[in-house]
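Right, one structure below, let's go through it.
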Amino acid sequence: MTSTLTGRDIRLAFEAPFDDPAWGRKWAAGSALLFLGTVVPVLPSLIFRGYLVGVIRSRLRGDGPALPEWGNWSEALFDGLRLWLVGFAYRLPAYLFFTLGLASVAGIPFVIQVWAERGPSAEPFWVILPFLQWAGFSAALSVAGLLAAASGFLLPAIVAHVVARNDVASAFRPGEWWPIVAARPST
């Protein structure tokens with residue numbers, strides 16, 4: 001990578017959308033879509049994600065600070081679905097550990113039933129059961145949190161790479177996107 005990201009670049013990235021004379025209309029359309037997502041699940045969120053893909057493409061083409069127009073809903077939906085799939089794939093390990101942690105709590109009644117059928121010989125187990133449950137829950141949620149943080153750190157670079165290549169499979173080739181992550185922004 002030959003270019004570096006500076007603090008000025010980051011500031012401009014936040015200020016640039018407001019340089020567009022029609023930013024209010026575009027912002028209102030996006031806000032309405034997100035609000036609609038509270039009533040109609042999934043579909044508006046995917047379209048909004050697809051619009052974000054359009055914003056990234058616009059920046060990669062060097063189109064300037066103006067936000068892209070809302071339109072081509074089917075392309076936005078498809079792009080949003082691809083973006084969601086990449087995010088889901090990278091968050092799946094965290095989801096699985098979170099589910100494992102919840103199962104360690106929710107599974108206790110079943111374990112109690114099985115051990116209760118064994119009779120008085122199972123009494124020592126009752127003493128350690130809460131500690132085992134707590135340890136399993138804590139360990140699984142700790143790992144889930146670390147995995148979620150790692151995916152949150154990596155996904156912006158992965159998403160930018162996927163949009164630049166227009167290839168979902170490139171998300172799963174770390175050798176291609178790792179240089180983006182490894183490049184340190186300068187101040």
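Following the order of the structure tokens, first chain is A, next is B, and so on, with residues numbered from 1 inside each chain and ligands from 1 in the order they appear.
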> Could you name the residues that touch region 43-58 of chain A at 6 Å or less, counting only C-alpha atoms, but leaving out those on the same chain fewer than 3 positions away, as a PyMOL selection string?
Replying inline: chain A and resi 33+37+61+63+76-77+79-81
>> Report as a ChimeraX atom specification all protein, DNA and RNA residues lying within 9 Å of Phe97 (chain A), evaluated on only C-alpha atoms, omitting residues in the same chain fewer than 6 positions from it.
In response: /A:139-145,147
Could you save the residues just selected, with C-alpha atoms, as a tab-separated table (two decimals), in the first residue's frame?
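Result saved to selection-v7.tsv:
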chain	number	residue	atom	x	y	z
A	139	ALA	CA	-15.50	-18.76	29.48
A	140	ALA	CA	-17.87	-19.02	26.52
A	141	LEU	CA	-18.99	-15.40	26.78
A	142	SER	CA	-15.40	-14.20	27.18
A	143	VAL	CA	-14.34	-16.01	24.03
A	144	ALA	CA	-17.47	-14.74	22.23
A	145	GLY	CA	-16.61	-11.18	23.24
A	147	LEU	CA	-14.16	-12.98	18.71
Rows by chain and residue number, region 18-129 of chain A within 12 Å of region 168-183 of chain A, shortest pair, only C-alpha atoms, as CSV:
residue,atom,partner,partner_atom,distance
A:Phe78,CA,A:Val168,CA,11.6
A:Asp79,CA,A:Val168,CA,9.8
A:Gly80,CA,A:Val168,CA,11.5
A:Leu81,CA,A:Val168,CA,10.5
A:Arg82,CA,A:Val168,CA,6.8
A:Leu83,CA,A:Val168,CA,8.1
A:Trp84,CA,A:Val168,CA,10.6
A:Leu85,CA,A:Val168,CA,8.7
A:Val86,CA,A:Ala171,CA,6.9
A:Gly87,CA,A:Ala171,CA,9.6
A:Phe88,CA,A:Ala171,CA,11.7
A:Ala89,CA,A:Phe172,CA,9.3
A:Tyr90,CA,A:Phe172,CA,9.2
Taking only residues of region 52-89 of chain A that have an atom at most 10 Å from an atom of region 17-21 of chain A, what is each one's shortest atom pair and its distance in Å to one decimal, using only C-alpha atoms, in chain and number order, as JSON lines?
{"residue": "A:Val55", "atom": "CA", "partner": "A:Pro17", "partner_atom": "CA", "distance": 9.9}
{"residue": "A:Gly64", "atom": "CA", "partner": "A:Asp20", "partner_atom": "CA", "distance": 9.4}
{"residue": "A:Pro65", "atom": "CA", "partner": "A:Pro17", "partner_atom": "CA", "distance": 5.8}
{"residue": "A:Ala66", "atom": "CA", "partner": "A:Asp20", "partner_atom": "CA", "distance": 4.7}
{"residue": "A:Leu67", "atom": "CA", "partner": "A:Pro17", "partner_atom": "CA", "distance": 6.0}
{"residue": "A:Pro68", "atom": "CA", "partner": "A:Asp20", "partner_atom": "CA", "distance": 9.7}
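Near Leu102 (chain A), within 12 Å and counting only C-alpha atoms, sit Tyr95, Leu96, Phe97, Phe98, Thr99, Val105, Ala106, Gly107, Ile108, Gln133, Trp134, Ala135, Gly136, Phe137, Ser138, Ala139, Ala140, Leu141 and Ala144 of chain A, not including residues fewer than 3 positions from it in the same chain.
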Would you mind exporting C-alpha atoms of the selected residues as a CSV table (one decimal), in the first residue's frame?
chain,number,residue,atom,x,y,z
A,95,TYR,CA,-22.4,-16.4,17.8
A,96,LEU,CA,-21.6,-20.0,18.4
A,97,PHE,CA,-19.6,-19.3,21.6
A,98,PHE,CA,-22.4,-17.0,22.8
A,99,THR,CA,-24.9,-19.8,22.2
A,105,VAL,CA,-27.0,-21.9,31.7
A,106,ALA,CA,-30.1,-23.2,30.0
A,107,GLY,CA,-28.9,-26.8,30.1
A,108,ILE,CA,-28.6,-26.9,33.9
A,133,GLN,CA,-22.1,-23.6,35.1
A,134,TRP,CA,-20.6,-20.3,36.0
A,135,ALA,CA,-17.2,-21.2,34.6
A,136,GLY,CA,-18.7,-22.5,31.3
A,137,PHE,CA,-20.9,-19.5,30.9
A,138,SER,CA,-18.0,-17.0,31.7
A,139,ALA,CA,-15.5,-18.8,29.5
A,140,ALA,CA,-17.9,-19.0,26.5
A,141,LEU,CA,-19.0,-15.4,26.8
A,144,ALA,CA,-17.5,-14.7,22.2
> Tell me, which residues of chain A carry DSSP helix (DSSP H, G or I), written as a ChimeraX atom specification?
Replying inline: /A:7-19,23-39,43-61,73-106,108-116,119-165,168-172,174-182
